[in-house]
$ cat my_file-v3.pdb   # PDB, C-alpha atoms
ATOM      1  CA  GLU A   1     -88.500 123.237  50.935
ATOM      2  CA  GLY A   2     -85.024 122.539  49.551
ATOM      3  CA  PHE A   3     -84.354 126.229  48.984
ATOM      4  CA  ALA A   4     -85.586 127.129  52.469
ATOM      5  CA  GLY A   5     -83.458 124.310  53.888
ATOM      6  CA  LEU A   6     -80.408 125.989  52.377
ATOM      7  CA  GLY A   7     -81.286 129.294  54.060
ATOM      8  CA  GLY A   8     -83.286 130.895  51.251
ATOM      9  CA  GLU A   9     -86.654 132.520  51.587
ATOM     10  CA  VAL A  10     -89.364 132.378  48.933
ATOM     11  CA  VAL A  11     -91.026 135.808  49.003
ATOM     12  CA  HIS A  12     -93.425 135.326  46.082
ATOM     13  CA  THR A  13     -94.830 132.405  44.111
ATOM     14  CA  GLU A  14     -97.137 132.753  41.163
ATOM     15  CA  ALA A  15     -98.562 130.368  38.591
ATOM     16  CA  VAL A  16     -99.335 131.626  35.112
ATOM     17  CA  ALA A  17    -101.283 130.081  32.275
ATOM     18  CA  PRO A  18     -99.312 128.927  29.221
ATOM     19  CA  GLU A  19     -99.043 131.551  26.487
ATOM     20  CA  THR A  20     -99.595 134.403  28.932
ATOM     21  CA  ARG A  21     -98.652 137.699  27.295
ATOM     22  CA  ASP A  22     -99.238 140.162  30.117
ATOM     23  CA  PHE A  23     -96.913 139.790  33.085
ATOM     24  CA  ARG A  24     -97.076 143.437  34.151
ATOM     25  CA  SER A  25     -98.959 142.751  37.411
ATOM     26  CA  THR A  26     -96.513 139.951  38.258
ATOM     27  CA  VAL A  27     -93.533 142.215  37.590
ATOM     28  CA  THR A  28     -95.113 144.996  39.663
ATOM     29  CA  THR A  29     -95.763 142.618  42.556
ATOM     30  CA  MET A  30     -92.196 141.280  42.481
ATOM     31  CA  SER A  31     -90.760 144.791  42.189
ATOM     32  CA  GLY A  32     -92.523 145.745  45.425
ATOM     33  CA  GLN A  33     -90.955 142.879  47.382
ATOM     34  CA  ASP A  34     -87.406 142.090  48.402
ATOM     35  CA  VAL A  35     -86.837 139.781  45.426
ATOM     36  CA  GLN A  36     -83.123 139.056  45.043
ATOM     37  CA  ALA A  37     -83.458 136.414  42.321
ATOM     38  CA  LEU A  38     -86.192 134.863  40.214
ATOM     39  CA  TYR A  39     -86.611 131.170  39.447
ATOM     40  CA  LEU A  40     -88.660 130.750  36.294
ATOM     41  CA  ALA A  41     -90.201 127.430  35.258
ATOM     42  CA  THR A  42     -91.872 128.005  31.906
ATOM     43  CA  PHE A  43     -91.235 127.689  28.183
ATOM     44  CA  TYR A  44     -89.187 130.085  26.075
ATOM     45  CA  SER A  45     -92.023 131.965  24.375
ATOM     46  CA  ASP A  46     -93.600 132.917  27.720
ATOM     47  CA  ALA A  47     -90.205 133.607  29.291
ATOM     48  CA  ALA A  48     -89.222 135.978  26.482
ATOM     49  CA  VAL A  49     -92.371 138.037  27.002
ATOM     50  CA  LEU A  50     -91.720 138.200  30.750
ATOM     51  CA  ALA A  51     -88.096 139.195  30.096
ATOM     52  CA  GLN A  52     -89.157 142.064  27.837
ATOM     53  CA  GLN A  53     -91.682 143.317  30.402
ATOM     54  CA  MET A  54     -89.131 143.065  33.231
ATOM     55  CA  ALA A  55     -86.620 145.041  31.168
ATOM     56  CA  SER A  56     -89.161 147.720  30.263
ATOM     57  CA  THR A  57     -89.857 148.390  33.964
ATOM     58  CA  GLY A  58     -86.226 148.227  35.058
ATOM     59  CA  PHE A  59     -86.852 145.163  37.247
ATOM     60  CA  ASP A  60     -83.408 143.602  37.093
ATOM     61  CA  VAL A  61     -82.596 140.580  39.250
ATOM     62  CA  PRO A  62     -80.686 137.394  38.448
ATOM     63  CA  VAL A  63     -82.970 134.919  36.664
ATOM     64  CA  LEU A  64     -82.516 131.166  37.019
ATOM     65  CA  THR A  65     -84.554 128.887  34.793
ATOM     66  CA  ASN A  66     -85.450 125.310  34.114
ATOM     67  CA  SER A  67     -84.037 123.262  31.245
ATOM     68  CA  SER A  68     -86.960 123.927  28.892
ATOM     69  CA  LEU A  69     -85.444 127.360  28.238
ATOM     70  CA  PHE A  70     -82.246 125.952  26.731
ATOM     71  CA  ASN A  71     -83.380 126.855  23.250
ATOM     72  CA  PRO A  72     -82.040 129.438  20.786
ATOM     73  CA  GLU A  73     -85.601 130.758  20.466
ATOM     74  CA  LEU A  74     -85.318 132.196  23.987
ATOM     75  CA  VAL A  75     -82.452 134.436  22.881
ATOM     76  CA  GLU A  76     -84.071 135.230  19.538
ATOM     77  CA  LEU A  77     -87.360 136.263  21.151
ATOM     78  CA  GLY A  78     -86.015 137.760  24.372
ATOM     79  CA  GLN A  79     -82.991 139.488  22.825
ATOM     80  CA  GLU A  80     -81.056 141.677  25.283
ATOM     81  CA  ALA A  81     -83.722 141.193  27.969
ATOM     82  CA  VAL A  82     -82.531 137.611  28.615
ATOM     83  CA  GLU A  83     -78.846 138.533  28.719
ATOM     84  CA  GLY A  84     -77.264 137.147  31.894
ATOM     85  CA  TRP A  85     -80.011 134.597  32.580
ATOM     86  CA  TYR A  86     -78.955 131.202  33.935
ATOM     87  CA  VAL A  87     -80.319 128.075  32.258
ATOM     88  CA  ALA A  88     -79.965 124.452  33.341
ATOM     89  CA  THR A  89     -79.617 121.583  30.873
ATOM     90  CA  ASN A  90     -78.597 117.952  30.781
ATOM     91  CA  PHE A  91     -77.527 117.962  27.128
ATOM     92  CA  LEU A  92     -74.867 119.992  25.347
ATOM     93  CA  PRO A  93     -74.367 119.077  21.691
ATOM     94  CA  GLU A  94     -70.753 120.315  21.956
ATOM     95  CA  ASP A  95     -69.922 117.749  24.670
ATOM     96  CA  THR A  96     -67.066 115.474  23.590
ATOM     97  CA  ALA A  97     -68.290 112.353  25.419
ATOM     98  CA  PRO A  98     -68.595 109.476  22.918
ATOM     99  CA  GLU A  99     -72.309 108.988  23.707
ATOM    100  CA  VAL A 100     -72.957 112.616  22.791
ATOM    101  CA  THR A 101     -70.757 112.852  19.694
ATOM    102  CA  GLU A 102     -72.177 109.626  18.241
ATOM    103  CA  PHE A 103     -75.760 110.774  18.822
ATOM    104  CA  VAL A 104     -75.172 114.295  17.460
ATOM    105  CA  SER A 105     -73.399 112.957  14.379
ATOM    106  CA  ALA A 106     -76.164 110.447  13.593
ATOM    107  CA  TYR A 107     -78.904 113.014  14.240
ATOM    108  CA  GLU A 108     -77.281 115.651  12.023
ATOM    109  CA  ALA A 109     -76.787 113.090   9.245
ATOM    110  CA  GLU A 110     -80.458 112.089   9.419
ATOM    111  CA  TYR A 111     -82.137 115.472   9.967
ATOM    112  CA  GLY A 112     -79.590 118.053   8.788
ATOM    113  CA  THR A 113     -79.739 120.002  12.048
ATOM    114  CA  THR A 114     -78.220 119.857  15.506
ATOM    115  CA  PRO A 115     -80.377 118.020  18.055
ATOM    116  CA  ASP A 116     -81.793 119.756  21.102
ATOM    117  CA  GLN A 117     -82.139 118.350  24.602
ATOM    118  CA  PHE A 118     -85.598 116.974  23.895
ATOM    119  CA  ALA A 119     -84.272 114.853  21.027
ATOM    120  CA  ALA A 120     -81.443 113.587  23.246
ATOM    121  CA  ILE A 121     -83.814 112.750  26.097
ATOM    122  CA  ALA A 122     -86.201 110.933  23.732
ATOM    123  CA  TYR A 123     -83.289 108.974  22.268
ATOM    124  CA  ASP A 124     -82.035 107.973  25.707
ATOM    125  CA  THR A 125     -85.528 107.136  26.952
ATOM    126  CA  LEU A 126     -86.039 104.691  24.098
ATOM    127  CA  ALA A 127     -82.627 103.135  24.765
ATOM    128  CA  VAL A 128     -83.452 102.632  28.456
ATOM    129  CA  LEU A 129     -86.898 101.190  27.699
ATOM    130  CA  THR A 130     -85.538  98.885  25.003
ATOM    131  CA  THR A 131     -82.876  97.594  27.379
ATOM    132  CA  ALA A 132     -85.386  96.971  30.175
ATOM    133  CA  MET A 133     -87.899  95.350  27.829
ATOM    134  CA  GLY A 134     -85.202  93.066  26.446
ATOM    135  CA  GLN A 135     -84.508  91.842  29.970
ATOM    136  CA  VAL A 136     -88.114  90.929  30.791
ATOM    137  CA  VAL A 137     -89.879  89.991  27.552
ATOM    138  CA  ALA A 138     -91.435  86.536  27.742
ATOM    139  CA  GLU A 139     -91.179  83.936  24.958
ATOM    140  CA  ASP A 140     -94.696  84.821  23.815
ATOM    141  CA  GLY A 141     -93.685  88.492  23.515
ATOM    142  CA  SER A 142     -95.590  89.653  26.587
ATOM    143  CA  ILE A 143     -94.102  91.954  29.187
ATOM    144  CA  ASP A 144     -95.124  92.032  32.826
ATOM    145  CA  LYS A 145     -95.345  95.663  33.952
ATOM    146  CA  GLU A 146     -94.003  94.975  37.454
ATOM    147  CA  GLU A 147     -91.005  93.131  36.008
ATOM    148  CA  LEU A 148     -90.440  96.028  33.599
ATOM    149  CA  ARG A 149     -90.568  98.513  36.480
ATOM    150  CA  ASP A 150     -88.078  96.432  38.479
ATOM    151  CA  ALA A 151     -85.764  96.152  35.463
ATOM    152  CA  LEU A 152     -85.797  99.946  35.068
ATOM    153  CA  TYR A 153     -84.648 100.338  38.676
ATOM    154  CA  GLU A 154     -81.596  98.220  37.884
ATOM    155  CA  ILE A 155     -80.490 100.102  34.763
ATOM    156  CA  GLU A 156     -77.734 102.670  34.642
ATOM    157  CA  HIS A 157     -77.462 103.997  31.101
ATOM    158  CA  ALA A 158     -74.760 106.361  29.828
ATOM    159  CA  GLY A 159     -76.549 108.302  27.110
ATOM    160  CA  ALA A 160     -76.494 111.486  25.095
ATOM    161  CA  SER A 161     -78.253 113.379  27.898
ATOM    162  CA  GLY A 162     -76.038 111.979  30.644
ATOM    163  CA  THR A 163     -76.143 108.950  32.881
ATOM    164  CA  ILE A 164     -79.653 107.762  33.619
ATOM    165  CA  ASP A 165     -80.657 105.767  36.643
ATOM    166  CA  PHE A 166     -83.672 105.793  38.939
ATOM    167  CA  ASP A 167     -84.050 106.415  42.663
ATOM    168  CA  GLU A 168     -86.361 104.503  45.030
ATOM    169  CA  GLN A 169     -89.344 106.636  44.010
ATOM    170  CA  GLY A 170     -88.754 106.054  40.302
ATOM    171  CA  ASP A 171     -87.406 109.536  39.642
ATOM    172  CA  VAL A 172     -84.550 109.877  37.175
ATOM    173  CA  ARG A 173     -81.255 111.043  38.638
ATOM    174  CA  LYS A 174     -79.241 113.173  36.235
ATOM    175  CA  GLU A 175     -76.552 115.770  36.565
ATOM    176  CA  MET A 176     -77.287 119.198  35.189
ATOM    177  CA  THR A 177     -74.989 121.613  33.399
ATOM    178  CA  TYR A 178     -75.533 125.274  34.105
ATOM    179  CA  LEU A 179     -75.299 127.857  31.354
ATOM    180  CA  GLN A 180     -75.488 131.627  31.261
ATOM    181  CA  ILE A 181     -76.614 133.730  28.327
ATOM    182  CA  VAL A 182     -73.613 135.878  27.430
ATOM    183  CA  ASP A 183     -73.585 138.008  24.283
ATOM    184  CA  GLY A 184     -76.596 136.072  23.028
ATOM    185  CA  GLU A 185     -74.932 132.661  23.468
ATOM    186  CA  PHE A 186     -75.394 129.874  26.012
ATOM    187  CA  VAL A 187     -72.056 129.612  27.812
ATOM    188  CA  PRO A 188     -71.238 126.957  30.457
ATOM    189  CA  VAL A 189     -70.877 128.403  33.947
ATOM    190  CA  GLU A 190     -67.557 127.453  35.493
ATOM    191  CA  GLY A 191     -67.486 125.943  38.978
TER
END
$ encode --input "my_file-v3.pdb" --output "structure tokens"
Amino acid sequence: EGFAGLGGEVVHTEAVAPETRDFRSTVTTMSGQDVQALYLATFYSDAAVLAQQMASTGFDVPVLTNSSLFNPELVELGQEAVEGWYVATNFLPEDTAPEVTEFVSAYEAEYGTTPDQFAAIAYDTLAVLTTAMGQVVAEDGSIDKEELRDALYEIEHAGASGTIDFDEQGDVRKEMTYLQIVDGEFVPVEG
């Protein structure tokens, strides 16, 4: 609805089972329509297979993806077939914001590797929950779930994955950073 509201037209929608390895009929169907771009909401292993099958048929349109594809495995598995793809994320380990640098430094010291977005989101989620719980815990240690919910609505937390707050429906509002795969690397898109 949002895309259509901006003047776009969805010409094909298809759901696929996780760990699908044959996207040839999907690629054929899309090739026969006026597809000008593809939005892909899946995980990197499935996306890499689709990318390879798109490349083998010459089906070449801009591909925009969800944040679950911000993973070096996408590039490793998809190789040249994912070159030029756009990927959204809410965590960049190279970000110089203090919340990010402190988290990355502590994570690398503990685990010997750079954290991914899922580690950052888990870290921030625990921080938000701990803050909310601290505001509503009773003397006997109990927590009323409605009070906890209300406390979450009042929190605005600057974390490793960005600022977290909740809208009226309880959905998290977060800004996204957009990346493009260029020469096998995730590069921030300017503008």
$ residues_around --input "my_file-v3.pdb" --residues "range 42-50 of chain A" --least-positions-apart "6" --cutoff "8 Å" --atoms "only C-alpha atoms" --output "PyMOL selection string"
chain A and resi 18-23+65-66+68-69+71+73-75+77-78+81-82
$ residues_around --input "my_file-v3.pdb" --residues "Thr57 in chain A" --least-positions-apart "6" --cutoff "9 Å" --atoms "all atoms listed in the file" --output "list in words"
Arg24, Val27 and Thr28 of chain A
$ resolve_selection --input "my_file-v3.pdb" --expression "the PyMOL selection byres ((chain A and resi 133) around 10)" --output "list of chain:residue names"
A:Ala127, A:Val128, A:Leu129, A:Thr130, A:Thr131, A:Ala132, A:Gly134, A:Gln135, A:Val136, A:Val137, A:Ala138, A:Gly141, A:Ser142, A:Ile143, A:Asp144, A:Lys145, A:Glu147, A:Leu148, A:Arg149, A:Ala151, A:Leu152
$ residues_around --input "my_file-v3.pdb" --residues "range 120-124 of chain A" --least-positions-apart "5" --cutoff "6 Å" --atoms "only C-alpha atoms" --output "list in words"
Gly159, Ala160 and Ser161 of chain A
$ write_last_selection --input "my_file-v3.pdb" --atoms "C-alpha atoms" --output "short mmCIF file (atom, residue, chain, number, x, y, z; two decimals), in the coordinates of the input"
data_model
loop_
_atom_site.label_atom_id
_atom_site.label_comp_id
_atom_site.auth_asym_id
_atom_site.auth_seq_id
_atom_site.Cartn_x
_atom_site.Cartn_y
_atom_site.Cartn_z
CA GLY A 159 -76.55 108.30 27.11
CA ALA A 160 -76.49 111.49 25.10
CA SER A 161 -78.25 113.38 27.90
#
$ atom_distance --input "my_file-v3.pdb" --atom1 "CA of Pro72 in chain A" --atom2 "CA of Ala15 in chain A"
24.3 Å
$ atom_distance --input "my_file-v3.pdb" --atom1 "CA of Val63 in chain A" --atom2 "CA of Asp116 in chain A"
21.8 Å
$ residues_near_point --input "my_file-v3.pdb" --point "(-86.8, 148.6, 40.9)" --cutoff "8 Å" --atoms "all atoms listed in the file" --output "MDAnalysis selection string"
chainID A and resid 31:32 57:60
$ decode --input "my_file-v3.pdb" --residues "range 42-60 of chain A" --atoms "N, CA and C atoms" --output "PDB file, in the first residue's frame"
ATOM      1  N   THR A  42      14.068 -12.041   2.430  1.00  0.00           N
ATOM      2  CA  THR A  42      14.447 -13.422   2.710  1.00  0.00           C
ATOM      3  C   THR A  42      15.777 -13.409   3.458  1.00  0.00           C
ATOM      4  N   PHE A  43      16.371 -14.559   3.653  1.00  0.00           N
ATOM      5  CA  PHE A  43      17.676 -14.635   4.283  1.00  0.00           C
ATOM      6  C   PHE A  43      18.745 -14.876   3.221  1.00  0.00           C
ATOM      7  N   TYR A  44      20.001 -14.660   3.601  1.00  0.00           N
ATOM      8  CA  TYR A  44      21.087 -14.621   2.628  1.00  0.00           C
ATOM      9  C   TYR A  44      21.298 -15.917   1.849  1.00  0.00           C
ATOM     10  N   SER A  45      21.100 -17.068   2.484  1.00  0.00           N
ATOM     11  CA  SER A  45      21.344 -18.314   1.750  1.00  0.00           C
ATOM     12  C   SER A  45      20.339 -18.479   0.610  1.00  0.00           C
ATOM     13  N   ASP A  46      19.080 -18.163   0.861  1.00  0.00           N
ATOM     14  CA  ASP A  46      18.058 -18.236  -0.192  1.00  0.00           C
ATOM     15  C   ASP A  46      18.303 -17.158  -1.247  1.00  0.00           C
ATOM     16  N   ALA A  47      18.640 -15.960  -0.794  1.00  0.00           N
ATOM     17  CA  ALA A  47      18.862 -14.840  -1.705  1.00  0.00           C
ATOM     18  C   ALA A  47      20.027 -15.119  -2.652  1.00  0.00           C
ATOM     19  N   ALA A  48      21.071 -15.743  -2.148  1.00  0.00           N
ATOM     20  CA  ALA A  48      22.236 -16.046  -2.988  1.00  0.00           C
ATOM     21  C   ALA A  48      21.870 -17.020  -4.096  1.00  0.00           C
ATOM     22  N   VAL A  49      21.050 -18.000  -3.783  1.00  0.00           N
ATOM     23  CA  VAL A  49      20.601 -18.956  -4.802  1.00  0.00           C
ATOM     24  C   VAL A  49      19.770 -18.225  -5.856  1.00  0.00           C
ATOM     25  N   LEU A  50      18.838 -17.397  -5.417  1.00  0.00           N
ATOM     26  CA  LEU A  50      18.027 -16.622  -6.359  1.00  0.00           C
ATOM     27  C   LEU A  50      18.917 -15.741  -7.234  1.00  0.00           C
ATOM     28  N   ALA A  51      19.894 -15.087  -6.629  1.00  0.00           N
ATOM     29  CA  ALA A  51      20.802 -14.210  -7.376  1.00  0.00           C
ATOM     30  C   ALA A  51      21.522 -14.977  -8.476  1.00  0.00           C
ATOM     31  N   GLN A  52      22.025 -16.159  -8.146  1.00  0.00           N
ATOM     32  CA  GLN A  52      22.735 -16.974  -9.134  1.00  0.00           C
ATOM     33  C   GLN A  52      21.810 -17.374 -10.283  1.00  0.00           C
ATOM     34  N   GLN A  53      20.562 -17.736  -9.953  1.00  0.00           N
ATOM     35  CA  GLN A  53      19.619 -18.146 -10.989  1.00  0.00           C
ATOM     36  C   GLN A  53      19.163 -16.951 -11.832  1.00  0.00           C
ATOM     37  N   MET A  54      19.030 -15.785 -11.228  1.00  0.00           N
ATOM     38  CA  MET A  54      18.720 -14.577 -12.002  1.00  0.00           C
ATOM     39  C   MET A  54      19.859 -14.285 -12.977  1.00  0.00           C
ATOM     40  N   ALA A  55      21.081 -14.346 -12.487  1.00  0.00           N
ATOM     41  CA  ALA A  55      22.246 -14.044 -13.325  1.00  0.00           C
ATOM     42  C   ALA A  55      22.371 -15.038 -14.483  1.00  0.00           C
ATOM     43  N   SER A  56      22.087 -16.304 -14.202  1.00  0.00           N
ATOM     44  CA  SER A  56      22.237 -17.318 -15.258  1.00  0.00           C
ATOM     45  C   SER A  56      21.224 -17.145 -16.382  1.00  0.00           C
ATOM     46  N   THR A  57      20.101 -16.478 -16.105  1.00  0.00           N
ATOM     47  CA  THR A  57      19.083 -16.259 -17.147  1.00  0.00           C
ATOM     48  C   THR A  57      19.185 -14.868 -17.763  1.00  0.00           C
ATOM     49  N   GLY A  58      20.057 -14.033 -17.202  1.00  0.00           N
ATOM     50  CA  GLY A  58      20.181 -12.671 -17.717  1.00  0.00           C
ATOM     51  C   GLY A  58      19.118 -11.729 -17.191  1.00  0.00           C
ATOM     52  N   PHE A  59      18.339 -12.164 -16.204  1.00  0.00           N
ATOM     53  CA  PHE A  59      17.322 -11.286 -15.601  1.00  0.00           C
ATOM     54  C   PHE A  59      18.041 -10.320 -14.672  1.00  0.00           C
ATOM     55  N   ASP A  60      18.141  -9.073 -15.110  1.00  0.00           N
ATOM     56  CA  ASP A  60      18.955  -8.087 -14.408  1.00  0.00           C
ATOM     57  C   ASP A  60      18.140  -6.833 -14.122  1.00  0.00           C
TER      58      ASP A  60
END
